[in-house]
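Listing of work_27.pdb, PDB, C-alpha atoms
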ATOM      1  CA  MET A  29       0.000   0.000   0.000
ATOM      2  CA  TRP A  30       1.273   3.446  -0.935
ATOM      3  CA  ALA A  31      -0.488   6.337   0.781
ATOM      4  CA  LEU A  32      -0.939   9.457  -1.315
ATOM      5  CA  THR A  33      -0.112  12.712   0.426
ATOM      6  CA  PRO A  34      -1.755  15.027  -2.104
ATOM      7  CA  LEU A  35       0.606  17.201  -4.120
ATOM      8  CA  GLU A  36       3.646  16.049  -2.100
ATOM      9  CA  ARG A  37       4.294  12.318  -2.391
ATOM     10  CA  VAL A  38       3.092   8.879  -3.300
ATOM     11  CA  ALA A  39       4.940   6.971  -0.607
ATOM     12  CA  PRO A  40       7.911   6.394  -0.974
ATOM     13  CA  LEU A  41       8.189   8.746  -3.970
ATOM     14  CA  HIS A  42       8.337  12.519  -3.371
ATOM     15  CA  PHE A  43       7.488  14.842  -6.237
ATOM     16  CA  GLY A  44      10.678  16.682  -7.229
ATOM     17  CA  MET A  45      13.008  13.664  -6.752
ATOM     18  CA  SER A  46      15.584  12.900  -9.433
ATOM     19  CA  ALA A  47      15.540   9.603 -11.327
ATOM     20  CA  ASP A  48      18.471   8.378  -9.236
ATOM     21  CA  GLU A  49      16.574   9.211  -6.037
ATOM     22  CA  VAL A  50      13.505   7.337  -7.328
ATOM     23  CA  ARG A  51      15.614   4.250  -8.062
ATOM     24  CA  ALA A  52      17.157   4.490  -4.573
ATOM     25  CA  ALA A  53      13.690   4.811  -2.985
ATOM     26  CA  LEU A  54      12.606   1.615  -4.794
ATOM     27  CA  PRO A  55      15.619  -0.706  -4.446
ATOM     28  CA  GLU A  56      13.466  -3.775  -5.116
ATOM     29  CA  ALA A  57      12.200  -2.398  -8.463
ATOM     30  CA  PHE A  58      13.622  -3.238 -11.882
ATOM     31  CA  GLU A  59      13.969  -0.462 -14.447
ATOM     32  CA  LEU A  60      12.169  -2.023 -17.405
ATOM     33  CA  LYS A  61      12.267   0.879 -19.837
ATOM     34  CA  ARG A  62      13.216   4.533 -20.220
ATOM     35  CA  PHE A  63      11.169   6.328 -22.874
ATOM     36  CA  SER A  64      10.103   9.631 -24.385
ATOM     37  CA  ALA A  65       6.765  10.382 -22.696
ATOM     38  CA  ASP A  66       5.428  13.257 -24.782
ATOM     39  CA  PRO A  67       5.990  13.899 -28.487
ATOM     40  CA  PHE A  68       5.596  17.660 -28.050
ATOM     41  CA  TYR A  69       8.142  17.900 -25.212
ATOM     42  CA  PRO A  70      11.000  15.525 -26.059
ATOM     43  CA  ASP A  71      12.884  16.232 -22.825
ATOM     44  CA  ILE A  72       9.973  14.843 -20.755
ATOM     45  CA  TYR A  73      10.799  11.215 -20.124
ATOM     46  CA  GLY A  74       9.410   8.257 -18.255
ATOM     47  CA  LEU A  75      10.762   5.284 -16.363
ATOM     48  CA  GLN A  76       8.776   2.077 -16.408
ATOM     49  CA  LEU A  77       9.509   0.184 -13.197
ATOM     50  CA  GLY A  78       8.456  -3.282 -12.101
ATOM     51  CA  PHE A  79       8.715  -5.424  -8.996
ATOM     52  CA  ARG A  80       8.941  -8.588 -11.133
ATOM     53  CA  SER A  81      11.075  -8.901 -14.226
ATOM     54  CA  GLY A  82       9.161  -7.775 -17.311
ATOM     55  CA  VAL A  83       5.981  -6.784 -15.419
ATOM     56  CA  PRO A  84       5.324  -3.005 -15.333
ATOM     57  CA  ALA A  85       4.072  -1.687 -11.987
ATOM     58  CA  VAL A  86       4.878   2.033 -11.837
ATOM     59  CA  HIS A  87       5.496   4.735 -14.419
ATOM     60  CA  ALA A  88       7.513   7.700 -13.132
ATOM     61  CA  TYR A  89       7.753  10.855 -15.262
ATOM     62  CA  PHE A  90      10.480  13.503 -15.107
ATOM     63  CA  ASP A  91      10.613  17.066 -16.387
ATOM     64  CA  ARG A  92      13.457  18.699 -18.320
ATOM     65  CA  VAL A  93      15.510  19.250 -15.151
ATOM     66  CA  ASP A  94      15.106  15.635 -13.985
ATOM     67  CA  ARG A  95      12.413  16.238 -11.318
ATOM     68  CA  LEU A  96       9.712  13.646 -10.696
ATOM     69  CA  PHE A  97       6.412  15.324 -11.502
ATOM     70  CA  CYS A  98       4.005  12.476 -12.277
ATOM     71  CA  VAL A  99       3.469   8.900 -11.067
ATOM     72  CA  ALA A 100       1.049   6.329 -12.485
ATOM     73  CA  ALA A 101       0.318   2.976 -10.814
ATOM     74  CA  ASP A 102      -0.438  -0.020 -13.023
ATOM     75  CA  ALA A 103      -4.007  -1.231 -12.445
ATOM     76  CA  ALA A 104      -3.053  -4.910 -12.220
ATOM     77  CA  HIS A 105       0.531  -4.999 -10.909
ATOM     78  CA  GLY A 106       1.113  -1.596  -9.357
ATOM     79  CA  PRO A 107       1.184  -0.541  -5.758
ATOM     80  CA  ARG A 108      -2.203  -0.117  -4.101
ATOM     81  CA  VAL A 109      -2.358   3.687  -3.903
ATOM     82  CA  THR A 110      -4.719   5.052  -1.242
ATOM     83  CA  LEU A 111      -6.104   8.505  -0.562
ATOM     84  CA  GLU A 112      -7.334   8.941   3.011
ATOM     85  CA  GLY A 113      -8.024   5.192   3.182
ATOM     86  CA  LEU A 114      -9.763   5.028  -0.222
ATOM     87  CA  GLU A 115      -7.998   2.583  -2.529
ATOM     88  CA  LEU A 116      -7.509   4.095  -5.990
ATOM     89  CA  THR A 117      -5.663   1.325  -7.861
ATOM     90  CA  GLY A 118      -7.316  -1.627  -9.582
ATOM     91  CA  ARG A 119     -10.933  -0.724  -8.792
ATOM     92  CA  VAL A 120     -14.069  -1.033 -10.900
ATOM     93  CA  PRO A 121     -14.352   2.451 -12.472
ATOM     94  CA  ALA A 122     -18.055   3.085 -11.783
ATOM     95  CA  VAL A 123     -17.761   2.071  -8.123
ATOM     96  CA  LEU A 124     -14.694   4.237  -7.527
ATOM     97  CA  GLU A 125     -16.234   7.168  -9.401
ATOM     98  CA  ASP A 126     -19.314   7.125  -7.142
ATOM     99  CA  THR A 127     -17.137   6.911  -4.019
ATOM    100  CA  VAL A 128     -14.879   9.758  -5.138
ATOM    101  CA  PHE A 129     -17.916  11.951  -5.802
ATOM    102  CA  ASP A 130     -19.388  11.151  -2.393
ATOM    103  CA  LEU A 131     -16.164  11.860  -0.517
ATOM    104  CA  TYR A 132     -14.526  14.655  -2.461
ATOM    105  CA  SER A 133     -17.183  16.834  -4.051
ATOM    106  CA  SER A 134     -16.724  20.132  -2.239
ATOM    107  CA  PRO A 135     -15.636  23.658  -3.155
ATOM    108  CA  VAL A 136     -12.096  22.805  -1.955
ATOM    109  CA  ARG A 137     -11.794  19.426  -3.674
ATOM    110  CA  ARG A 138     -13.951  19.607  -6.737
ATOM    111  CA  VAL A 139     -14.192  16.540  -8.968
ATOM    112  CA  SER A 140     -13.957  17.539 -12.618
ATOM    113  CA  TYR A 141     -13.806  15.755 -15.940
ATOM    114  CA  GLY A 142     -11.202  16.279 -18.635
ATOM    115  CA  PRO A 143     -11.999  16.523 -22.344
ATOM    116  CA  ARG A 144     -11.833  12.738 -22.772
ATOM    117  CA  GLY A 145     -14.080  12.016 -19.798
ATOM    118  CA  ASN A 146     -11.466  11.123 -17.180
ATOM    119  CA  PRO A 147     -12.440  12.243 -13.662
ATOM    120  CA  GLY A 148      -9.954  13.881 -11.371
ATOM    121  CA  ILE A 149      -9.342  16.440  -8.672
ATOM    122  CA  ASP A 150      -6.888  19.222  -9.505
ATOM    123  CA  GLY A 151      -6.613  20.146  -5.808
ATOM    124  CA  VAL A 152      -5.308  16.639  -5.079
ATOM    125  CA  GLY A 153      -3.250  16.346  -8.285
ATOM    126  CA  MET A 154      -5.101  13.213  -9.353
ATOM    127  CA  VAL A 155      -6.608  11.880 -12.567
ATOM    128  CA  LEU A 156      -8.300   8.492 -12.685
ATOM    129  CA  ARG A 157      -7.655   6.548 -15.870
ATOM    130  CA  VAL A 158      -8.721   3.057 -16.832
ATOM    131  CA  GLN A 159      -6.633   0.145 -18.015
ATOM    132  CA  ASP A 160      -7.517  -3.171 -19.629
ATOM    133  CA  THR A 161      -6.431  -6.052 -17.382
ATOM    134  CA  ALA A 162      -7.048  -9.801 -17.288
ATOM    135  CA  GLY A 163      -9.727  -9.047 -14.654
ATOM    136  CA  GLY A 164     -11.487  -6.453 -16.844
ATOM    137  CA  VAL A 165     -11.228  -2.686 -17.020
ATOM    138  CA  LEU A 166      -9.789  -1.313 -13.749
ATOM    139  CA  THR A 167      -8.625   2.059 -12.448
ATOM    140  CA  ARG A 168      -5.126   3.462 -12.875
ATOM    141  CA  PRO A 169      -4.402   6.556 -10.747
ATOM    142  CA  VAL A 170      -2.185   9.193 -12.330
ATOM    143  CA  LEU A 171      -0.801  11.637  -9.755
ATOM    144  CA  VAL A 172       1.138  14.902  -9.955
ATOM    145  CA  GLY A 173       2.859  17.242  -7.506
ATOM    146  CA  ARG A 174       1.787  20.731  -6.428
ATOM    147  CA  GLU A 175       3.685  22.593  -9.149
ATOM    148  CA  TRP A 176       1.989  20.522 -11.863
ATOM    149  CA  ALA A 177      -1.547  20.109 -10.443
ATOM    150  CA  GLU A 178      -3.316  23.079 -12.015
ATOM    151  CA  ARG A 179      -5.643  21.750 -14.731
ATOM    152  CA  CYS A 180      -4.127  18.272 -14.429
ATOM    153  CA  THR A 181      -7.420  16.742 -15.593
ATOM    154  CA  ASP A 182      -7.128  18.627 -18.896
ATOM    155  CA  ASP A 183      -5.281  16.513 -21.447
ATOM    156  CA  TRP A 184      -4.458  19.590 -23.526
ATOM    157  CA  GLU A 185      -3.442  22.236 -20.956
ATOM    158  CA  GLY A 186      -2.404  20.039 -18.031
ATOM    159  CA  SER A 187       1.024  18.628 -17.322
ATOM    160  CA  ILE A 188       0.350  14.878 -17.544
ATOM    161  CA  PRO A 189       2.426  13.405 -20.414
ATOM    162  CA  GLU A 190       0.671  12.528 -23.655
ATOM    163  CA  CYS A 191       1.436   8.816 -23.339
ATOM    164  CA  GLU A 192      -0.744   8.596 -20.194
ATOM    165  CA  TRP A 193      -3.797   9.790 -22.156
ATOM    166  CA  LEU A 194      -3.494   7.069 -24.820
ATOM    167  CA  GLY A 195      -5.430   3.825 -24.746
ATOM    168  CA  ARG A 196      -8.701   2.993 -23.044
ATOM    169  CA  GLN A 197     -10.768   6.020 -21.987
ATOM    170  CA  TRP A 198     -12.986   6.358 -18.915
ATOM    171  CA  GLY A 199     -16.009   7.104 -21.075
ATOM    172  CA  VAL A 200     -16.816   7.065 -24.742
ATOM    173  CA  TYR A 201     -15.119   9.848 -26.707
ATOM    174  CA  GLN A 202     -16.549  10.699 -30.120
ATOM    175  CA  GLY A 203     -17.911   7.191 -30.563
ATOM    176  CA  SER A 204     -14.782   5.317 -29.399
ATOM    177  CA  ASP A 205     -13.631   4.283 -25.938
ATOM    178  CA  VAL A 206     -10.007   4.144 -27.110
ATOM    179  CA  TRP A 207      -7.842   7.185 -27.845
ATOM    180  CA  PRO A 208      -6.836   7.787 -30.508
ATOM    181  CA  PRO A 209      -9.537   5.934 -32.452
ATOM    182  CA  VAL A 210      -8.440   3.802 -35.397
ATOM    183  CA  GLY A 211      -7.677   5.996 -38.395
ATOM    184  CA  TYR A 212      -7.360   9.212 -36.386
ATOM    185  CA  ALA A 213      -4.664  11.507 -37.764
ATOM    186  CA  THR A 214      -2.458  12.873 -34.987
ATOM    187  CA  ASN A 215      -0.045  15.776 -35.198
ATOM    188  CA  TRP A 216       2.708  13.853 -33.423
ATOM    189  CA  PRO A 217       6.218  14.309 -34.778
ATOM    190  CA  PRO A 218       7.290  11.705 -37.340
ATOM    191  CA  GLY A 219       8.684   8.579 -35.720
ATOM    192  CA  TRP A 220       7.156   9.110 -32.237
ATOM    193  CA  THR A 221       5.292   6.058 -31.050
ATOM    194  CA  PRO A 222       3.601   5.523 -27.701
ATOM    195  CA  PRO A 223       5.916   3.726 -25.258
ATOM    196  CA  PHE A 224       3.431   1.079 -24.123
TER
END
What would you get if you wrote out this structure as C-alpha coordinates?
Amino acid sequence: MWALTPLERVAPLHFGMSADEVRAALPEAFELKRFSADPFYPDIYGLQLGFRSGVPAVHAYFDRVDRLFCVAADAAHGPRVTLEGLELTGRVPAVLEDTVFDLYSSPVRRVSYGPRGNPGIDGVGMVLRVQDTAGGVLTRPVLVGREWAERCTDDWEGSIPECEWLGRQWGVYQGSDVWPPVGYATNWPPGWTPPF
(Lines of atoms letter the chains of each structure in order from A and count residues from 1; the text may use other names and numbers.)
(Lines give C-alpha, C1' and ligand atoms only; values in the text may rest on other atoms or scores of the structure.)
Protein backbone atom coordinates (compact mmCIF):
# COMPACT_ATOMS: atom_id res chain seq x y z
CA MET A 1 0.00 0.00 0.00
CA TRP A 2 1.27 3.45 -0.94
CA ALA A 3 -0.49 6.34 0.78
CA LEU A 4 -0.94 9.46 -1.31
CA THR A 5 -0.11 12.71 0.43
CA PRO A 6 -1.76 15.03 -2.10
CA LEU A 7 0.61 17.20 -4.12
CA GLU A 8 3.65 16.05 -2.10
CA ARG A 9 4.29 12.32 -2.39
CA VAL A 10 3.09 8.88 -3.30
CA ALA A 11 4.94 6.97 -0.61
CA PRO A 12 7.91 6.39 -0.97
CA LEU A 13 8.19 8.75 -3.97
CA HIS A 14 8.34 12.52 -3.37
CA PHE A 15 7.49 14.84 -6.24
CA GLY A 16 10.68 16.68 -7.23
CA MET A 17 13.01 13.66 -6.75
CA SER A 18 15.58 12.90 -9.43
CA ALA A 19 15.54 9.60 -11.33
CA ASP A 20 18.47 8.38 -9.24
CA GLU A 21 16.57 9.21 -6.04
CA VAL A 22 13.51 7.34 -7.33
CA ARG A 23 15.61 4.25 -8.06
CA ALA A 24 17.16 4.49 -4.57
CA ALA A 25 13.69 4.81 -2.98
CA LEU A 26 12.61 1.61 -4.79
CA PRO A 27 15.62 -0.71 -4.45
CA GLU A 28 13.47 -3.78 -5.12
CA ALA A 29 12.20 -2.40 -8.46
CA PHE A 30 13.62 -3.24 -11.88
CA GLU A 31 13.97 -0.46 -14.45
CA LEU A 32 12.17 -2.02 -17.40
CA LYS A 33 12.27 0.88 -19.84
CA ARG A 34 13.22 4.53 -20.22
CA PHE A 35 11.17 6.33 -22.87
CA SER A 36 10.10 9.63 -24.38
CA ALA A 37 6.77 10.38 -22.70
CA ASP A 38 5.43 13.26 -24.78
CA PRO A 39 5.99 13.90 -28.49
CA PHE A 40 5.60 17.66 -28.05
CA TYR A 41 8.14 17.90 -25.21
CA PRO A 42 11.00 15.53 -26.06
CA ASP A 43 12.88 16.23 -22.83
CA ILE A 44 9.97 14.84 -20.76
CA TYR A 45 10.80 11.22 -20.12
CA GLY A 46 9.41 8.26 -18.26
CA LEU A 47 10.76 5.28 -16.36
CA GLN A 48 8.78 2.08 -16.41
CA LEU A 49 9.51 0.18 -13.20
CA GLY A 50 8.46 -3.28 -12.10
CA PHE A 51 8.71 -5.42 -9.00
CA ARG A 52 8.94 -8.59 -11.13
CA SER A 53 11.07 -8.90 -14.23
CA GLY A 54 9.16 -7.77 -17.31
CA VAL A 55 5.98 -6.78 -15.42
CA PRO A 56 5.32 -3.00 -15.33
CA ALA A 57 4.07 -1.69 -11.99
CA VAL A 58 4.88 2.03 -11.84
CA HIS A 59 5.50 4.74 -14.42
CA ALA A 60 7.51 7.70 -13.13
CA TYR A 61 7.75 10.86 -15.26
CA PHE A 62 10.48 13.50 -15.11
CA ASP A 63 10.61 17.07 -16.39
CA ARG A 64 13.46 18.70 -18.32
CA VAL A 65 15.51 19.25 -15.15
CA ASP A 66 15.11 15.63 -13.99
CA ARG A 67 12.41 16.24 -11.32
CA LEU A 68 9.71 13.65 -10.70
CA PHE A 69 6.41 15.32 -11.50
CA CYS A 70 4.00 12.48 -12.28
CA VAL A 71 3.47 8.90 -11.07
CA ALA A 72 1.05 6.33 -12.48
CA ALA A 73 0.32 2.98 -10.81
CA ASP A 74 -0.44 -0.02 -13.02
CA ALA A 75 -4.01 -1.23 -12.44
CA ALA A 76 -3.05 -4.91 -12.22
CA HIS A 77 0.53 -5.00 -10.91
CA GLY A 78 1.11 -1.60 -9.36
CA PRO A 79 1.18 -0.54 -5.76
CA ARG A 80 -2.20 -0.12 -4.10
CA VAL A 81 -2.36 3.69 -3.90
CA THR A 82 -4.72 5.05 -1.24
CA LEU A 83 -6.10 8.50 -0.56
CA GLU A 84 -7.33 8.94 3.01
CA GLY A 85 -8.02 5.19 3.18
CA LEU A 86 -9.76 5.03 -0.22
CA GLU A 87 -8.00 2.58 -2.53
CA LEU A 88 -7.51 4.10 -5.99
CA THR A 89 -5.66 1.33 -7.86
CA GLY A 90 -7.32 -1.63 -9.58
CA ARG A 91 -10.93 -0.72 -8.79
CA VAL A 92 -14.07 -1.03 -10.90
CA PRO A 93 -14.35 2.45 -12.47
CA ALA A 94 -18.05 3.09 -11.78
CA VAL A 95 -17.76 2.07 -8.12
CA LEU A 96 -14.69 4.24 -7.53
CA GLU A 97 -16.23 7.17 -9.40
CA ASP A 98 -19.31 7.12 -7.14
CA THR A 99 -17.14 6.91 -4.02
CA VAL A 100 -14.88 9.76 -5.14
CA PHE A 101 -17.92 11.95 -5.80
CA ASP A 102 -19.39 11.15 -2.39
CA LEU A 103 -16.16 11.86 -0.52
CA TYR A 104 -14.53 14.66 -2.46
CA SER A 105 -17.18 16.83 -4.05
CA SER A 106 -16.72 20.13 -2.24
CA PRO A 107 -15.64 23.66 -3.15
CA VAL A 108 -12.10 22.80 -1.95
CA ARG A 109 -11.79 19.43 -3.67
CA ARG A 110 -13.95 19.61 -6.74
CA VAL A 111 -14.19 16.54 -8.97
CA SER A 112 -13.96 17.54 -12.62
CA TYR A 113 -13.81 15.75 -15.94
CA GLY A 114 -11.20 16.28 -18.64
CA PRO A 115 -12.00 16.52 -22.34
CA ARG A 116 -11.83 12.74 -22.77
CA GLY A 117 -14.08 12.02 -19.80
CA ASN A 118 -11.47 11.12 -17.18
CA PRO A 119 -12.44 12.24 -13.66
CA GLY A 120 -9.95 13.88 -11.37
CA ILE A 121 -9.34 16.44 -8.67
CA ASP A 122 -6.89 19.22 -9.51
CA GLY A 123 -6.61 20.15 -5.81
CA VAL A 124 -5.31 16.64 -5.08
CA GLY A 125 -3.25 16.35 -8.29
CA MET A 126 -5.10 13.21 -9.35
CA VAL A 127 -6.61 11.88 -12.57
CA LEU A 128 -8.30 8.49 -12.68
CA ARG A 129 -7.65 6.55 -15.87
CA VAL A 130 -8.72 3.06 -16.83
CA GLN A 131 -6.63 0.15 -18.02
CA ASP A 132 -7.52 -3.17 -19.63
CA THR A 133 -6.43 -6.05 -17.38
CA ALA A 134 -7.05 -9.80 -17.29
CA GLY A 135 -9.73 -9.05 -14.65
CA GLY A 136 -11.49 -6.45 -16.84
CA VAL A 137 -11.23 -2.69 -17.02
CA LEU A 138 -9.79 -1.31 -13.75
CA THR A 139 -8.62 2.06 -12.45
CA ARG A 140 -5.13 3.46 -12.87
CA PRO A 141 -4.40 6.56 -10.75
CA VAL A 142 -2.19 9.19 -12.33
CA LEU A 143 -0.80 11.64 -9.75
CA VAL A 144 1.14 14.90 -9.95
CA GLY A 145 2.86 17.24 -7.51
CA ARG A 146 1.79 20.73 -6.43
CA GLU A 147 3.68 22.59 -9.15
CA TRP A 148 1.99 20.52 -11.86
CA ALA A 149 -1.55 20.11 -10.44
CA GLU A 150 -3.32 23.08 -12.01
CA ARG A 151 -5.64 21.75 -14.73
CA CYS A 152 -4.13 18.27 -14.43
CA THR A 153 -7.42 16.74 -15.59
CA ASP A 154 -7.13 18.63 -18.90
CA ASP A 155 -5.28 16.51 -21.45
CA TRP A 156 -4.46 19.59 -23.53
CA GLU A 157 -3.44 22.24 -20.96
CA GLY A 158 -2.40 20.04 -18.03
CA SER A 159 1.02 18.63 -17.32
CA ILE A 160 0.35 14.88 -17.54
CA PRO A 161 2.43 13.40 -20.41
CA GLU A 162 0.67 12.53 -23.65
CA CYS A 163 1.44 8.82 -23.34
CA GLU A 164 -0.74 8.60 -20.19
CA TRP A 165 -3.80 9.79 -22.16
CA LEU A 166 -3.49 7.07 -24.82
CA GLY A 167 -5.43 3.82 -24.75
CA ARG A 168 -8.70 2.99 -23.04
CA GLN A 169 -10.77 6.02 -21.99
CA TRP A 170 -12.99 6.36 -18.91
CA GLY A 171 -16.01 7.10 -21.08
CA VAL A 172 -16.82 7.07 -24.74
CA TYR A 173 -15.12 9.85 -26.71
CA GLN A 174 -16.55 10.70 -30.12
CA GLY A 175 -17.91 7.19 -30.56
CA SER A 176 -14.78 5.32 -29.40
CA ASP A 177 -13.63 4.28 -25.94
CA VAL A 178 -10.01 4.14 -27.11
CA TRP A 179 -7.84 7.19 -27.84
CA PRO A 180 -6.84 7.79 -30.51
CA PRO A 181 -9.54 5.93 -32.45
CA VAL A 182 -8.44 3.80 -35.40
CA GLY A 183 -7.68 6.00 -38.40
CA TYR A 184 -7.36 9.21 -36.39
CA ALA A 185 -4.66 11.51 -37.76
CA THR A 186 -2.46 12.87 -34.99
CA ASN A 187 -0.04 15.78 -35.20
CA TRP A 188 2.71 13.85 -33.42
CA PRO A 189 6.22 14.31 -34.78
CA PRO A 190 7.29 11.70 -37.34
CA GLY A 191 8.68 8.58 -35.72
CA TRP A 192 7.16 9.11 -32.24
CA THR A 193 5.29 6.06 -31.05
CA PRO A 194 3.60 5.52 -27.70
CA PRO A 195 5.92 3.73 -25.26
CA PHE A 196 3.43 1.08 -24.12
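Here the PyMOL selection byres ((chain A and resi 206) around 6) catches exactly these residues: Gly195, Arg196, Gln197, Ser204, Asp205, Trp207, Pro208 and Pro209 of chain A.
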> Given the file above and the PyMOL selection byres ((chain A and resi 92) around 10), which residues are selected, and can you give them as a count of residues only?
Replying inline: 11
> Could you name the residues that touch stretch 80-89 of chain A at 7 Å or less, counting only C-alpha atoms, but leaving out those on the same chain fewer than 3 positions away, as a PyMOL selection string?
Replying inline: chain A and resi 58+60+73-77+96-102+105-107
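Applied to this file, the PyMOL selection byres ((chain A and resi 115) around 10) selects Met29, Trp30, Ala31, Leu32, Arg108, Val109, Thr110, Leu111, Glu112, Gly113, Leu114, Leu116, Thr117, Gly118, Arg119, Leu124, Thr167 and Pro169 of chain A.
Atom CA of A:Pro223 sits 19.5 Å away from atom CA of A:Val172.
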Residue rebuild result stretch 89-100 of chain A, all heavy atoms as an mmCIF file, in the coordinates of the input:
data_model
loop_
_atom_site.group_PDB
_atom_site.id
_atom_site.type_symbol
_atom_site.label_atom_id
_atom_site.label_comp_id
_atom_site.auth_asym_id
_atom_site.auth_seq_id
_atom_site.Cartn_x
_atom_site.Cartn_y
_atom_site.Cartn_z
ATOM 1 N N TYR A 89 7.482 9.890 -14.198
ATOM 2 C CA TYR A 89 7.753 10.855 -15.262
ATOM 3 C C TYR A 89 8.563 12.026 -14.716
ATOM 4 O O TYR A 89 8.293 12.523 -13.621
ATOM 5 C CB TYR A 89 6.441 11.360 -15.859
ATOM 6 C CG TYR A 89 5.660 10.254 -16.509
ATOM 7 C CD1 TYR A 89 4.619 9.629 -15.838
ATOM 8 C CD2 TYR A 89 5.981 9.813 -17.789
ATOM 9 C CE1 TYR A 89 3.905 8.597 -16.434
ATOM 10 C CE2 TYR A 89 5.278 8.789 -18.386
ATOM 11 C CZ TYR A 89 4.240 8.178 -17.705
ATOM 12 O OH TYR A 89 3.538 7.154 -18.295
ATOM 13 N N PHE A 90 9.530 12.476 -15.521
ATOM 14 C CA PHE A 90 10.480 13.503 -15.107
ATOM 15 C C PHE A 90 10.463 14.666 -16.092
ATOM 16 O O PHE A 90 10.352 14.457 -17.300
ATOM 17 C CB PHE A 90 11.890 12.903 -15.022
ATOM 18 C CG PHE A 90 11.963 11.782 -14.039
ATOM 19 C CD1 PHE A 90 11.643 10.482 -14.408
ATOM 20 C CD2 PHE A 90 12.297 12.026 -12.713
ATOM 21 C CE1 PHE A 90 11.666 9.445 -13.493
ATOM 22 C CE2 PHE A 90 12.325 10.994 -11.792
ATOM 23 C CZ PHE A 90 12.012 9.704 -12.179
ATOM 24 N N ASP A 91 10.597 15.875 -15.546
ATOM 25 C CA ASP A 91 10.613 17.066 -16.387
ATOM 26 C C ASP A 91 12.015 17.312 -16.925
ATOM 27 O O ASP A 91 12.939 16.527 -16.688
ATOM 28 C CB ASP A 91 10.043 18.280 -15.642
ATOM 29 C CG ASP A 91 10.889 18.725 -14.450
ATOM 30 O OD1 ASP A 91 12.049 18.267 -14.299
ATOM 31 O OD2 ASP A 91 10.374 19.537 -13.664
ATOM 32 N N ARG A 92 12.184 18.419 -17.627
ATOM 33 C CA ARG A 92 13.457 18.699 -18.320
ATOM 34 C C ARG A 92 14.643 18.899 -17.390
ATOM 35 O O ARG A 92 15.779 18.838 -17.833
ATOM 36 C CB ARG A 92 13.304 19.881 -19.264
ATOM 37 C CG ARG A 92 12.908 21.179 -18.589
ATOM 38 C CD ARG A 92 12.690 22.296 -19.590
ATOM 39 N NE ARG A 92 11.865 21.920 -20.712
ATOM 40 C CZ ARG A 92 10.554 22.147 -20.805
ATOM 41 N NH1 ARG A 92 9.940 22.773 -19.844
ATOM 42 N NH2 ARG A 92 9.888 21.768 -21.857
ATOM 43 N N VAL A 93 14.392 19.131 -16.097
ATOM 44 C CA VAL A 93 15.510 19.250 -15.151
ATOM 45 C C VAL A 93 15.574 18.041 -14.217
ATOM 46 O O VAL A 93 16.107 18.126 -13.115
ATOM 47 C CB VAL A 93 15.454 20.585 -14.366
ATOM 48 C CG1 VAL A 93 15.716 21.749 -15.287
ATOM 49 C CG2 VAL A 93 14.157 20.759 -13.628
ATOM 50 N N ASP A 94 15.014 16.911 -14.684
ATOM 51 C CA ASP A 94 15.106 15.635 -13.985
ATOM 52 C C ASP A 94 14.405 15.633 -12.624
ATOM 53 O O ASP A 94 14.895 15.056 -11.664
ATOM 54 C CB ASP A 94 16.572 15.206 -13.824
ATOM 55 C CG ASP A 94 16.702 13.729 -13.459
ATOM 56 O OD1 ASP A 94 15.921 12.913 -13.974
ATOM 57 O OD2 ASP A 94 17.584 13.395 -12.643
ATOM 58 N N ARG A 95 13.222 16.274 -12.543
ATOM 59 C CA ARG A 95 12.413 16.238 -11.318
ATOM 60 C C ARG A 95 11.184 15.367 -11.559
ATOM 61 O O ARG A 95 10.491 15.525 -12.569
ATOM 62 C CB ARG A 95 11.947 17.634 -10.929
ATOM 63 C CG ARG A 95 13.054 18.552 -10.494
ATOM 64 C CD ARG A 95 12.511 19.914 -10.113
ATOM 65 N NE ARG A 95 11.755 20.459 -11.241
ATOM 66 C CZ ARG A 95 10.921 21.483 -11.157
ATOM 67 N NH1 ARG A 95 10.707 22.073 -10.014
ATOM 68 N NH2 ARG A 95 10.297 21.927 -12.224
ATOM 69 N N LEU A 96 10.909 14.477 -10.632
ATOM 70 C CA LEU A 96 9.712 13.646 -10.696
ATOM 71 C C LEU A 96 8.491 14.551 -10.575
ATOM 72 O O LEU A 96 8.351 15.282 -9.609
ATOM 73 C CB LEU A 96 9.710 12.629 -9.553
ATOM 74 C CG LEU A 96 8.481 11.725 -9.448
ATOM 75 C CD1 LEU A 96 8.413 10.758 -10.621
ATOM 76 C CD2 LEU A 96 8.496 10.969 -8.125
ATOM 77 N N PHE A 97 7.606 14.496 -11.575
ATOM 78 C CA PHE A 97 6.412 15.324 -11.502
ATOM 79 C C PHE A 97 5.129 14.530 -11.626
ATOM 80 O O PHE A 97 4.049 15.027 -11.308
ATOM 81 C CB PHE A 97 6.439 16.442 -12.550
ATOM 82 C CG PHE A 97 6.202 15.987 -13.971
ATOM 83 C CD1 PHE A 97 4.930 15.991 -14.519
ATOM 84 C CD2 PHE A 97 7.266 15.581 -14.764
ATOM 85 C CE1 PHE A 97 4.715 15.588 -15.829
ATOM 86 C CE2 PHE A 97 7.061 15.181 -16.068
ATOM 87 C CZ PHE A 97 5.785 15.177 -16.605
ATOM 88 N N CYS A 98 5.216 13.272 -12.053
ATOM 89 C CA CYS A 98 4.005 12.476 -12.277
ATOM 90 C C CYS A 98 4.310 11.009 -12.005
ATOM 91 O O CYS A 98 5.379 10.511 -12.364
ATOM 92 C CB CYS A 98 3.545 12.681 -13.722
ATOM 93 S SG CYS A 98 2.023 11.817 -14.186
ATOM 94 N N VAL A 99 3.355 10.329 -11.370
ATOM 95 C CA VAL A 99 3.469 8.900 -11.067
ATOM 96 C C VAL A 99 2.160 8.238 -11.452
ATOM 97 O O VAL A 99 1.081 8.747 -11.127
ATOM 98 C CB VAL A 99 3.740 8.666 -9.559
ATOM 99 C CG1 VAL A 99 3.715 7.177 -9.225
ATOM 100 C CG2 VAL A 99 5.053 9.299 -9.137
ATOM 101 N N ALA A 100 2.242 7.107 -12.138
ATOM 102 C CA ALA A 100 1.049 6.329 -12.485
ATOM 103 C C ALA A 100 1.259 4.897 -12.003
ATOM 104 O O ALA A 100 2.312 4.304 -12.228
ATOM 105 C CB ALA A 100 0.803 6.347 -13.986
#
